[in-house]
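Asks: What follows is input-v5.cif, made up of mmCIF, C-alpha atoms:
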data_model
#
loop_
_atom_site.label_atom_id
_atom_site.label_comp_id
_atom_site.auth_asym_id
_atom_site.auth_seq_id
_atom_site.Cartn_x
_atom_site.Cartn_y
_atom_site.Cartn_z
CA MET A 27 0.00 0.00 0.00
CA SER A 28 1.57 3.23 -1.16
CA PHE A 29 0.60 6.82 -0.48
CA SER A 30 -0.32 7.32 -4.15
CA THR A 31 -2.62 4.27 -4.04
CA CYS A 32 -4.30 5.72 -0.94
CA LEU A 33 -4.87 8.99 -2.80
CA ILE A 34 -6.35 7.12 -5.76
CA VAL A 35 -8.81 5.25 -3.52
CA MET A 36 -9.63 8.46 -1.64
CA ALA A 37 -10.38 10.33 -4.89
CA GLY A 38 -12.67 7.52 -6.04
CA GLY A 39 -14.41 7.59 -2.67
CA ALA A 40 -14.95 11.34 -2.91
CA LEU A 41 -16.54 11.05 -6.36
CA GLY A 42 -18.65 8.09 -5.22
CA THR A 43 -19.86 10.05 -2.22
CA LEU A 44 -20.79 13.02 -4.41
CA ALA A 45 -22.65 10.71 -6.81
CA ARG A 46 -24.46 9.15 -3.86
CA TYR A 47 -25.56 12.57 -2.63
CA VAL A 48 -26.79 13.65 -6.08
CA VAL A 49 -28.81 10.45 -6.60
CA SER A 50 -30.26 10.72 -3.08
CA VAL A 51 -31.42 14.29 -3.70
CA LEU A 52 -32.89 13.39 -7.10
CA MET A 53 -34.82 10.47 -5.57
CA LEU A 54 -36.33 12.45 -2.67
CA PRO A 55 -39.64 13.17 -4.46
CA VAL A 56 -40.39 9.44 -4.83
CA SER A 57 -39.01 8.28 -1.46
CA LYS A 58 -42.13 8.67 0.64
CA GLU A 59 -42.87 5.05 1.60
CA LEU A 60 -39.46 3.45 1.03
CA PRO A 61 -35.94 4.90 0.84
CA TRP A 62 -35.77 4.60 -2.95
CA GLY A 63 -32.60 6.68 -3.21
CA THR A 64 -30.68 4.18 -1.09
CA ILE A 65 -32.19 1.24 -2.95
CA VAL A 66 -31.30 2.73 -6.37
CA ILE A 67 -27.78 3.55 -5.18
CA ASN A 68 -27.17 0.06 -3.82
CA VAL A 69 -28.55 -1.64 -6.93
CA THR A 70 -26.63 0.54 -9.40
CA GLY A 71 -23.47 0.27 -7.29
CA SER A 72 -23.84 -3.52 -7.21
CA PHE A 73 -24.31 -3.61 -10.98
CA LEU A 74 -21.30 -1.35 -11.51
CA ILE A 75 -18.94 -3.43 -9.35
CA GLY A 76 -20.09 -6.62 -11.08
CA LEU A 77 -19.71 -5.15 -14.56
CA PHE A 78 -16.46 -3.27 -14.02
CA GLY A 79 -14.86 -5.96 -11.88
CA THR A 80 -15.36 -8.61 -14.55
CA LEU A 81 -14.86 -6.51 -17.67
CA THR A 82 -11.53 -5.06 -16.54
CA LEU A 83 -9.80 -8.23 -15.29
CA ALA A 84 -6.18 -8.58 -16.42
CA SER A 85 -7.40 -11.51 -18.53
CA GLY A 86 -10.51 -9.64 -19.66
CA ARG A 87 -11.46 -7.83 -22.80
CA TYR A 88 -10.74 -4.38 -21.39
CA PRO A 89 -7.93 -4.78 -18.85
CA VAL A 90 -7.07 -1.70 -16.84
CA SER A 91 -4.42 -0.91 -14.28
CA GLU A 92 -4.79 -2.14 -10.72
CA ASN A 93 -4.95 1.52 -9.64
CA LEU A 94 -8.00 2.15 -11.83
CA ARG A 95 -9.67 -0.98 -10.47
CA LEU A 96 -8.99 0.23 -6.91
CA PHE A 97 -10.28 3.71 -7.82
CA VAL A 98 -13.60 2.31 -9.10
CA MET A 99 -14.18 -0.82 -7.01
CA ILE A 100 -12.86 0.26 -3.61
CA GLY A 101 -13.01 4.06 -3.90
CA PHE A 102 -16.02 4.96 -6.03
CA CYS A 103 -18.24 1.98 -5.19
CA GLY A 104 -17.25 2.17 -1.53
CA GLY A 105 -18.21 5.86 -1.35
CA TYR A 106 -21.28 5.41 -3.52
CA THR A 107 -23.04 2.42 -2.01
CA THR A 108 -24.90 2.94 1.20
CA PHE A 109 -25.20 -0.09 3.43
CA SER A 110 -25.00 2.01 6.58
CA SER A 111 -27.85 4.22 5.32
CA PHE A 112 -29.82 1.10 4.40
CA SER A 113 -29.34 -0.22 7.94
CA LEU A 114 -30.38 3.05 9.57
CA GLN A 115 -33.44 3.46 7.36
CA THR A 116 -34.49 -0.13 8.02
CA LEU A 117 -34.20 0.44 11.78
CA ASP A 118 -36.28 3.62 11.42
CA LEU A 119 -38.99 1.65 9.58
CA LEU A 120 -38.96 -1.01 12.30
CA ARG A 121 -39.12 1.58 15.09
CA ALA A 122 -42.04 3.26 13.31
CA GLY A 123 -43.92 -0.04 13.34
CA ALA A 124 -43.66 -0.53 9.57
CA LEU A 125 -42.56 -4.16 9.76
CA GLY A 126 -43.84 -4.98 6.26
CA ARG A 127 -42.01 -2.07 4.64
CA ALA A 128 -38.85 -2.89 6.64
CA CYS A 129 -38.98 -6.50 5.41
CA LEU A 130 -39.62 -5.31 1.86
CA ASN A 131 -36.64 -2.96 2.12
CA ILE A 132 -34.40 -5.76 3.44
CA ALA A 133 -35.49 -8.41 0.95
CA GLY A 134 -35.64 -6.02 -1.97
CA SER A 135 -32.27 -4.48 -1.29
CA VAL A 136 -30.41 -7.72 -0.66
CA VAL A 137 -32.02 -9.78 -3.42
CA VAL A 138 -32.02 -7.04 -6.05
CA CYS A 139 -28.40 -6.04 -5.28
CA ILE A 140 -27.24 -9.65 -5.62
CA LEU A 141 -29.16 -9.90 -8.89
CA ALA A 142 -27.60 -6.60 -10.03
CA VAL A 143 -24.04 -7.73 -9.31
CA ALA A 144 -24.80 -11.01 -11.08
CA ALA A 145 -26.24 -9.15 -14.08
CA GLY A 146 -23.22 -6.86 -14.28
CA HIS A 147 -20.89 -9.85 -14.05
CA ALA A 148 -22.87 -11.80 -16.67
CA MET A 149 -22.83 -8.88 -19.10
CA ALA A 150 -19.09 -8.37 -18.67
CA ALA A 151 -18.40 -12.12 -18.80
CA TYR A 152 -20.19 -12.21 -22.15
CA PHE A 153 -17.88 -9.48 -23.48
CA ASN A 154 -14.88 -11.23 -21.90
CA GLY A 155 -15.65 -14.57 -23.50
CA GLY A 156 -16.97 -16.21 -20.33
CA ALA A 157 -14.84 -14.83 -17.47
CA GLN A 158 -15.64 -16.59 -14.20
CA LYS A 159 -14.32 -14.12 -11.65
CA ILE A 160 -14.85 -10.50 -10.70
CA ALA A 161 -12.07 -9.78 -8.23
CA GLN A 162 -8.47 -10.50 -9.12
CA ALA A 163 -6.89 -9.26 -5.89
CA ALA A 164 -7.96 -9.98 -2.31
CA ILE A 165 -8.44 -6.26 -1.57
CA GLU A 166 -11.08 -6.01 -4.32
CA GLU A 167 -13.22 -8.54 -2.47
CA GLU A 168 -13.36 -6.13 0.47
CA ALA A 169 -15.23 -3.52 -1.61
#
What does the file become when written as structure tokens?

Replies:
Amino acid sequence: MSFSTCLIVMAGGALGTLARYVVSVLMLPVSKELPWGTIVINVTGSFLIGLFGTLTLASGRYPVSENLRLFVMIGFCGGYTTFSSFSLQTLDLLRAGALGRACLNIAGSVVVCILAVAAGHAMAAYFNGGAQKIAQAAIEEEA
């Protein structure tokens, strides 16, 4: 881990955080019953990490540097996706007595995000001629 790598991850995180804020603000008008901003962010972030992680493997169709992979997968996706917000909003729904909506938020977020990462991986694997992995370094699995 070098200082320049830390700066690369930090820059990706800053851009991911800004993107998260923008999407959250844009989704406010439709987020009355469920936290749709958080759901959209988690689904699109899951799709992005699945797509980018597979498409840019060293053995893939569009290989990129390890620094760019860290920028996107650890930095951007880490700053963009919102599991802590999801957890807080789910607790708020539970505390408000909205058990059904809380369960819908949990099931929808987890299932749809897994489907999104699988869809991103499948799309990129198609372009890569059938790649079977997303991460190529242990640190990428921590994203």

Asks: Closest to A:Arg46 among A:Ser111, A:Glu92, A:Ser30, A:Arg87, using all atoms listed in the file?

Replies: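 When distances to A:Arg46 are compared using all atoms listed in the file, the smallest one comes from A:Ser111.
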
Asks: Quick check, in Å to one decimal: how far apart do atom CA of A:Leu119 and atom CA of A:Ile132 lie?

Replies: 10.7 Å

Asks: So, counting all atoms listed in the file, which residue among A:Phe112, A:Ile34, A:Gly156, A:Ala142 is closest to A:Leu130?

Replies: A:Phe112

Asks: In Å, how far is it from atom CA of A:Val143 to atom CA of A:Gly79?

Replies: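 Atom CA of A:Val143 sits 9.7 Å away from atom CA of A:Gly79.
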
Asks: Pick out the closest residue to A:Ala150 from this set: A:Leu120, A:Cys129, A:Leu83, A:Leu44. Count only C-alpha atoms.

Replies: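 For A:Ala150, the nearest of the candidates is A:Leu83.
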
Asks: Go through the shown structure with the PyMOL selection byres ((chain A and resi 134) around 12) and write out the matching residues as an mmCIF file with C-alpha atoms, keeping the file's coordinate frame.

Replies:
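The file below, part-v1.cif, is the result:
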data_model
loop_
_atom_site.group_PDB
_atom_site.id
_atom_site.type_symbol
_atom_site.label_atom_id
_atom_site.label_comp_id
_atom_site.auth_asym_id
_atom_site.auth_seq_id
_atom_site.Cartn_x
_atom_site.Cartn_y
_atom_site.Cartn_z
ATOM 1 C CA LEU A 60 -39.460 3.450 1.030
ATOM 2 C CA PRO A 61 -35.940 4.900 0.840
ATOM 3 C CA TRP A 62 -35.770 4.600 -2.950
ATOM 4 C CA THR A 64 -30.680 4.180 -1.090
ATOM 5 C CA ILE A 65 -32.190 1.240 -2.950
ATOM 6 C CA VAL A 66 -31.300 2.730 -6.370
ATOM 7 C CA ASN A 68 -27.170 0.060 -3.820
ATOM 8 C CA VAL A 69 -28.550 -1.640 -6.930
ATOM 9 C CA PHE A 112 -29.820 1.100 4.400
ATOM 10 C CA THR A 116 -34.490 -0.130 8.020
ATOM 11 C CA GLY A 126 -43.840 -4.980 6.260
ATOM 12 C CA ARG A 127 -42.010 -2.070 4.640
ATOM 13 C CA ALA A 128 -38.850 -2.890 6.640
ATOM 14 C CA CYS A 129 -38.980 -6.500 5.410
ATOM 15 C CA LEU A 130 -39.620 -5.310 1.860
ATOM 16 C CA ASN A 131 -36.640 -2.960 2.120
ATOM 17 C CA ILE A 132 -34.400 -5.760 3.440
ATOM 18 C CA ALA A 133 -35.490 -8.410 0.950
ATOM 19 C CA SER A 135 -32.270 -4.480 -1.290
ATOM 20 C CA VAL A 136 -30.410 -7.720 -0.660
ATOM 21 C CA VAL A 137 -32.020 -9.780 -3.420
ATOM 22 C CA VAL A 138 -32.020 -7.040 -6.050
ATOM 23 C CA CYS A 139 -28.400 -6.040 -5.280
ATOM 24 C CA ILE A 140 -27.240 -9.650 -5.620
ATOM 25 C CA LEU A 141 -29.160 -9.900 -8.890
ATOM 26 C CA ALA A 142 -27.600 -6.600 -10.030
#

Asks: Using atom CA of A:Gly123 and atom CA of A:Thr108 as the two end points, give the distance in Å to one decimal.

Replies: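 Taking atom CA of A:Gly123 and atom CA of A:Thr108, their separation equals 22.8 Å.
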
Asks: Near A:Gly42, within 10 Å and counting all atoms listed in the file, which residues show up once chain neighbours fewer than 3 positions away are dropped, as a PDB file with C-alpha atoms, in the frame of the given file?

Replies:
ATOM      1  CA  MET A  36      -9.630   8.460  -1.640  1.00  0.00           C
ATOM      2  CA  ALA A  37     -10.380  10.330  -4.890  1.00  0.00           C
ATOM      3  CA  GLY A  38     -12.670   7.520  -6.040  1.00  0.00           C
ATOM      4  CA  GLY A  39     -14.410   7.590  -2.670  1.00  0.00           C
ATOM      5  CA  ALA A  45     -22.650  10.710  -6.810  1.00  0.00           C
ATOM      6  CA  ARG A  46     -24.460   9.150  -3.860  1.00  0.00           C
ATOM      7  CA  TYR A  47     -25.560  12.570  -2.630  1.00  0.00           C
ATOM      8  CA  VAL A  48     -26.790  13.650  -6.080  1.00  0.00           C
ATOM      9  CA  GLY A  71     -23.470   0.270  -7.290  1.00  0.00           C
ATOM     10  CA  PHE A  97     -10.280   3.710  -7.820  1.00  0.00           C
ATOM     11  CA  VAL A  98     -13.600   2.310  -9.100  1.00  0.00           C
ATOM     12  CA  ILE A 100     -12.860   0.260  -3.610  1.00  0.00           C
ATOM     13  CA  GLY A 101     -13.010   4.060  -3.900  1.00  0.00           C
ATOM     14  CA  PHE A 102     -16.020   4.960  -6.030  1.00  0.00           C
ATOM     15  CA  CYS A 103     -18.240   1.980  -5.190  1.00  0.00           C
ATOM     16  CA  GLY A 104     -17.250   2.170  -1.530  1.00  0.00           C
ATOM     17  CA  GLY A 105     -18.210   5.860  -1.350  1.00  0.00           C
ATOM     18  CA  TYR A 106     -21.280   5.410  -3.520  1.00  0.00           C
ATOM     19  CA  THR A 107     -23.040   2.420  -2.010  1.00  0.00           C
TER      20      THR A 107
END

Asks: Using only C-alpha atoms, which of A:Val35, A:Leu96, A:Leu54, A:Leu114 sits nearest A:Phe78?

Replies: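 Among A:Val35, A:Leu96, A:Leu54, A:Leu114, it is A:Leu96 that comes nearest to A:Phe78.
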
Asks: Smallest atom-to-atom distance to A:Thr82: which of A:Gln158, A:Leu94, A:Lys58, A:Thr70, using all atoms listed in the file?

Replies: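 Smallest distance to A:Thr82 is found for A:Leu94.
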
Asks: Please return as a VMD selection string every residue within 10 Å of (-16.7, -6.9, -15.4), taking into account all atoms listed in the file and the file's own coordinates.

Replies: chain A and resid 73 to 83 86 to 89 143 145 to 154 157 to 161

Asks: Go ahead and dump the residues you just picked, C-alpha atoms, as an mmCIF file, in the coordinates of the input.

Replies:
data_model
loop_
_atom_site.group_PDB
_atom_site.id
_atom_site.type_symbol
_atom_site.label_atom_id
_atom_site.label_comp_id
_atom_site.auth_asym_id
_atom_site.auth_seq_id
_atom_site.Cartn_x
_atom_site.Cartn_y
_atom_site.Cartn_z
ATOM 1 C CA PHE A 73 -24.310 -3.610 -10.980
ATOM 2 C CA LEU A 74 -21.300 -1.350 -11.510
ATOM 3 C CA ILE A 75 -18.940 -3.430 -9.350
ATOM 4 C CA GLY A 76 -20.090 -6.620 -11.080
ATOM 5 C CA LEU A 77 -19.710 -5.150 -14.560
ATOM 6 C CA PHE A 78 -16.460 -3.270 -14.020
ATOM 7 C CA GLY A 79 -14.860 -5.960 -11.880
ATOM 8 C CA THR A 80 -15.360 -8.610 -14.550
ATOM 9 C CA LEU A 81 -14.860 -6.510 -17.670
ATOM 10 C CA THR A 82 -11.530 -5.060 -16.540
ATOM 11 C CA LEU A 83 -9.800 -8.230 -15.290
ATOM 12 C CA GLY A 86 -10.510 -9.640 -19.660
ATOM 13 C CA ARG A 87 -11.460 -7.830 -22.800
ATOM 14 C CA TYR A 88 -10.740 -4.380 -21.390
ATOM 15 C CA PRO A 89 -7.930 -4.780 -18.850
ATOM 16 C CA VAL A 143 -24.040 -7.730 -9.310
ATOM 17 C CA ALA A 145 -26.240 -9.150 -14.080
ATOM 18 C CA GLY A 146 -23.220 -6.860 -14.280
ATOM 19 C CA HIS A 147 -20.890 -9.850 -14.050
ATOM 20 C CA ALA A 148 -22.870 -11.800 -16.670
ATOM 21 C CA MET A 149 -22.830 -8.880 -19.100
ATOM 22 C CA ALA A 150 -19.090 -8.370 -18.670
ATOM 23 C CA ALA A 151 -18.400 -12.120 -18.800
ATOM 24 C CA TYR A 152 -20.190 -12.210 -22.150
ATOM 25 C CA PHE A 153 -17.880 -9.480 -23.480
ATOM 26 C CA ASN A 154 -14.880 -11.230 -21.900
ATOM 27 C CA ALA A 157 -14.840 -14.830 -17.470
ATOM 28 C CA GLN A 158 -15.640 -16.590 -14.200
ATOM 29 C CA LYS A 159 -14.320 -14.120 -11.650
ATOM 30 C CA ILE A 160 -14.850 -10.500 -10.700
ATOM 31 C CA ALA A 161 -12.070 -9.780 -8.230
#

Asks: In the coordinates of the file, take the point (-34.0, 8.4, -6.1) and a cut-off of 6 Å; then, counting all atoms listed in the file, name each qualifying protein, DNA or RNA residue as a list in words.

Replies: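 Residues found, by chain and rising number: Val49, Ser50, Leu52, Met53, Leu54, Trp62 and Gly63 of chain A.
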
Asks: For A:Ala124, which residue among A:Thr43, A:Ile67, A:Glu59, A:Phe29 is the nearest when counting all atoms listed in the file?

Replies: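 The closest residue to A:Ala124 is A:Glu59.
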
Asks: Taking N, CA and C atoms as the atom set, what does stretch 39-72 of chain A look like once completed, written as a PDB file, in the frame of the given file?

Replies:
ATOM      1  N   GLY A  39     -13.422   7.503  -3.744  1.00  0.00           N
ATOM      2  CA  GLY A  39     -14.410   7.590  -2.670  1.00  0.00           C
ATOM      3  C   GLY A  39     -15.115   8.940  -2.654  1.00  0.00           C
ATOM      4  N   ALA A  40     -14.354   9.999  -2.883  1.00  0.00           N
ATOM      5  CA  ALA A  40     -14.950  11.340  -2.910  1.00  0.00           C
ATOM      6  C   ALA A  40     -15.961  11.463  -4.040  1.00  0.00           C
ATOM      7  N   LEU A  41     -15.604  10.978  -5.220  1.00  0.00           N
ATOM      8  CA  LEU A  41     -16.540  11.050  -6.360  1.00  0.00           C
ATOM      9  C   LEU A  41     -17.753  10.146  -6.127  1.00  0.00           C
ATOM     10  N   GLY A  42     -17.527   8.980  -5.532  1.00  0.00           N
ATOM     11  CA  GLY A  42     -18.650   8.090  -5.220  1.00  0.00           C
ATOM     12  C   GLY A  42     -19.593   8.713  -4.214  1.00  0.00           C
ATOM     13  N   THR A  43     -19.035   9.386  -3.222  1.00  0.00           N
ATOM     14  CA  THR A  43     -19.860  10.050  -2.220  1.00  0.00           C
ATOM     15  C   THR A  43     -20.671  11.178  -2.836  1.00  0.00           C
ATOM     16  N   LEU A  44     -20.057  11.943  -3.718  1.00  0.00           N
ATOM     17  CA  LEU A  44     -20.790  13.020  -4.410  1.00  0.00           C
ATOM     18  C   LEU A  44     -21.912  12.423  -5.261  1.00  0.00           C
ATOM     19  N   ALA A  45     -21.618  11.351  -5.981  1.00  0.00           N
ATOM     20  CA  ALA A  45     -22.650  10.710  -6.810  1.00  0.00           C
ATOM     21  C   ALA A  45     -23.788  10.196  -5.935  1.00  0.00           C
ATOM     22  N   ARG A  46     -23.444   9.637  -4.795  1.00  0.00           N
ATOM     23  CA  ARG A  46     -24.460   9.150  -3.860  1.00  0.00           C
ATOM     24  C   ARG A  46     -25.367  10.297  -3.411  1.00  0.00           C
ATOM     25  N   TYR A  47     -24.787  11.411  -3.072  1.00  0.00           N
ATOM     26  CA  TYR A  47     -25.560  12.570  -2.630  1.00  0.00           C
ATOM     27  C   TYR A  47     -26.502  13.052  -3.740  1.00  0.00           C
ATOM     28  N   VAL A  48     -25.988  13.164  -4.955  1.00  0.00           N
ATOM     29  CA  VAL A  48     -26.790  13.650  -6.080  1.00  0.00           C
ATOM     30  C   VAL A  48     -27.967  12.710  -6.337  1.00  0.00           C
ATOM     31  N   VAL A  49     -27.721  11.407  -6.366  1.00  0.00           N
ATOM     32  CA  VAL A  49     -28.810  10.450  -6.600  1.00  0.00           C
ATOM     33  C   VAL A  49     -29.827  10.521  -5.464  1.00  0.00           C
ATOM     34  N   SER A  50     -29.345  10.623  -4.229  1.00  0.00           N
ATOM     35  CA  SER A  50     -30.260  10.720  -3.080  1.00  0.00           C
ATOM     36  C   SER A  50     -31.177  11.926  -3.190  1.00  0.00           C
ATOM     37  N   VAL A  51     -30.620  13.064  -3.556  1.00  0.00           N
ATOM     38  CA  VAL A  51     -31.420  14.290  -3.700  1.00  0.00           C
ATOM     39  C   VAL A  51     -32.428  14.131  -4.835  1.00  0.00           C
ATOM     40  N   LEU A  52     -31.988  13.569  -5.953  1.00  0.00           N
ATOM     41  CA  LEU A  52     -32.890  13.390  -7.100  1.00  0.00           C
ATOM     42  C   LEU A  52     -34.030  12.421  -6.793  1.00  0.00           C
ATOM     43  N   MET A  53     -33.804  11.474  -5.891  1.00  0.00           N
ATOM     44  CA  MET A  53     -34.820  10.470  -5.570  1.00  0.00           C
ATOM     45  C   MET A  53     -35.758  10.901  -4.439  1.00  0.00           C
ATOM     46  N   LEU A  54     -35.484  12.020  -3.782  1.00  0.00           N
ATOM     47  CA  LEU A  54     -36.330  12.450  -2.670  1.00  0.00           C
ATOM     48  C   LEU A  54     -37.821  12.534  -3.005  1.00  0.00           C
ATOM     49  N   PRO A  55     -38.197  13.053  -4.172  1.00  0.00           N
ATOM     50  CA  PRO A  55     -39.640  13.170  -4.460  1.00  0.00           C
ATOM     51  C   PRO A  55     -40.389  11.840  -4.489  1.00  0.00           C
ATOM     52  N   VAL A  56     -39.706  10.737  -4.749  1.00  0.00           N
ATOM     53  CA  VAL A  56     -40.390   9.440  -4.830  1.00  0.00           C
ATOM     54  C   VAL A  56     -40.115   8.560  -3.607  1.00  0.00           C
ATOM     55  N   SER A  57     -39.411   9.078  -2.625  1.00  0.00           N
ATOM     56  CA  SER A  57     -39.010   8.280  -1.460  1.00  0.00           C
ATOM     57  C   SER A  57     -39.910   8.529  -0.251  1.00  0.00           C
ATOM     58  N   LYS A  58     -41.205   8.422  -0.457  1.00  0.00           N
ATOM     59  CA  LYS A  58     -42.130   8.670   0.640  1.00  0.00           C
ATOM     60  C   LYS A  58     -42.360   7.425   1.501  1.00  0.00           C
ATOM     61  N   GLU A  59     -42.567   6.289   0.877  1.00  0.00           N
ATOM     62  CA  GLU A  59     -42.870   5.050   1.600  1.00  0.00           C
ATOM     63  C   GLU A  59     -41.640   4.195   1.844  1.00  0.00           C
ATOM     64  N   LEU A  60     -40.703   4.222   0.919  1.00  0.00           N
ATOM     65  CA  LEU A  60     -39.460   3.450   1.030  1.00  0.00           C
ATOM     66  C   LEU A  60     -38.299   4.370   0.666  1.00  0.00           C
ATOM     67  N   PRO A  61     -37.109   4.084   1.178  1.00  0.00           N
ATOM     68  CA  PRO A  61     -35.940   4.900   0.840  1.00  0.00           C
ATOM     69  C   PRO A  61     -35.393   4.540  -0.552  1.00  0.00           C
ATOM     70  N   TRP A  62     -36.105   4.982  -1.588  1.00  0.00           N
ATOM     71  CA  TRP A  62     -35.770   4.600  -2.950  1.00  0.00           C
ATOM     72  C   TRP A  62     -34.388   5.081  -3.379  1.00  0.00           C
ATOM     73  N   GLY A  63     -33.940   6.204  -2.865  1.00  0.00           N
ATOM     74  CA  GLY A  63     -32.600   6.680  -3.210  1.00  0.00           C
ATOM     75  C   GLY A  63     -31.548   5.663  -2.806  1.00  0.00           C
ATOM     76  N   THR A  64     -31.639   5.171  -1.586  1.00  0.00           N
ATOM     77  CA  THR A  64     -30.680   4.180  -1.090  1.00  0.00           C
ATOM     78  C   THR A  64     -30.788   2.888  -1.892  1.00  0.00           C
ATOM     79  N   ILE A  65     -32.000   2.472  -2.186  1.00  0.00           N
ATOM     80  CA  ILE A  65     -32.190   1.240  -2.950  1.00  0.00           C
ATOM     81  C   ILE A  65     -31.573   1.385  -4.345  1.00  0.00           C
ATOM     82  N   VAL A  66     -31.854   2.497  -5.023  1.00  0.00           N
ATOM     83  CA  VAL A  66     -31.300   2.730  -6.370  1.00  0.00           C
ATOM     84  C   VAL A  66     -29.772   2.783  -6.315  1.00  0.00           C
ATOM     85  N   ILE A  67     -29.240   3.450  -5.316  1.00  0.00           N
ATOM     86  CA  ILE A  67     -27.780   3.550  -5.180  1.00  0.00           C
ATOM     87  C   ILE A  67     -27.167   2.176  -4.973  1.00  0.00           C
ATOM     88  N   ASN A  68     -27.746   1.385  -4.079  1.00  0.00           N
ATOM     89  CA  ASN A  68     -27.170   0.060  -3.820  1.00  0.00           C
ATOM     90  C   ASN A  68     -27.283  -0.865  -5.023  1.00  0.00           C
ATOM     91  N   VAL A  69     -28.392  -0.791  -5.753  1.00  0.00           N
ATOM     92  CA  VAL A  69     -28.550  -1.640  -6.930  1.00  0.00           C
ATOM     93  C   VAL A  69     -27.596  -1.202  -8.046  1.00  0.00           C
ATOM     94  N   THR A  70     -27.525   0.092  -8.331  1.00  0.00           N
ATOM     95  CA  THR A  70     -26.630   0.540  -9.400  1.00  0.00           C
ATOM     96  C   THR A  70     -25.158   0.347  -9.014  1.00  0.00           C
ATOM     97  N   GLY A  71     -24.840   0.525  -7.733  1.00  0.00           N
ATOM     98  CA  GLY A  71     -23.470   0.270  -7.290  1.00  0.00           C
ATOM     99  C   GLY A  71     -23.115  -1.205  -7.394  1.00  0.00           C
ATOM    100  N   SER A  72     -24.060  -2.074  -7.073  1.00  0.00           N
ATOM    101  CA  SER A  72     -23.840  -3.520  -7.210  1.00  0.00           C
ATOM    102  C   SER A  72     -23.637  -3.904  -8.668  1.00  0.00           C
TER     103      SER A  72
END
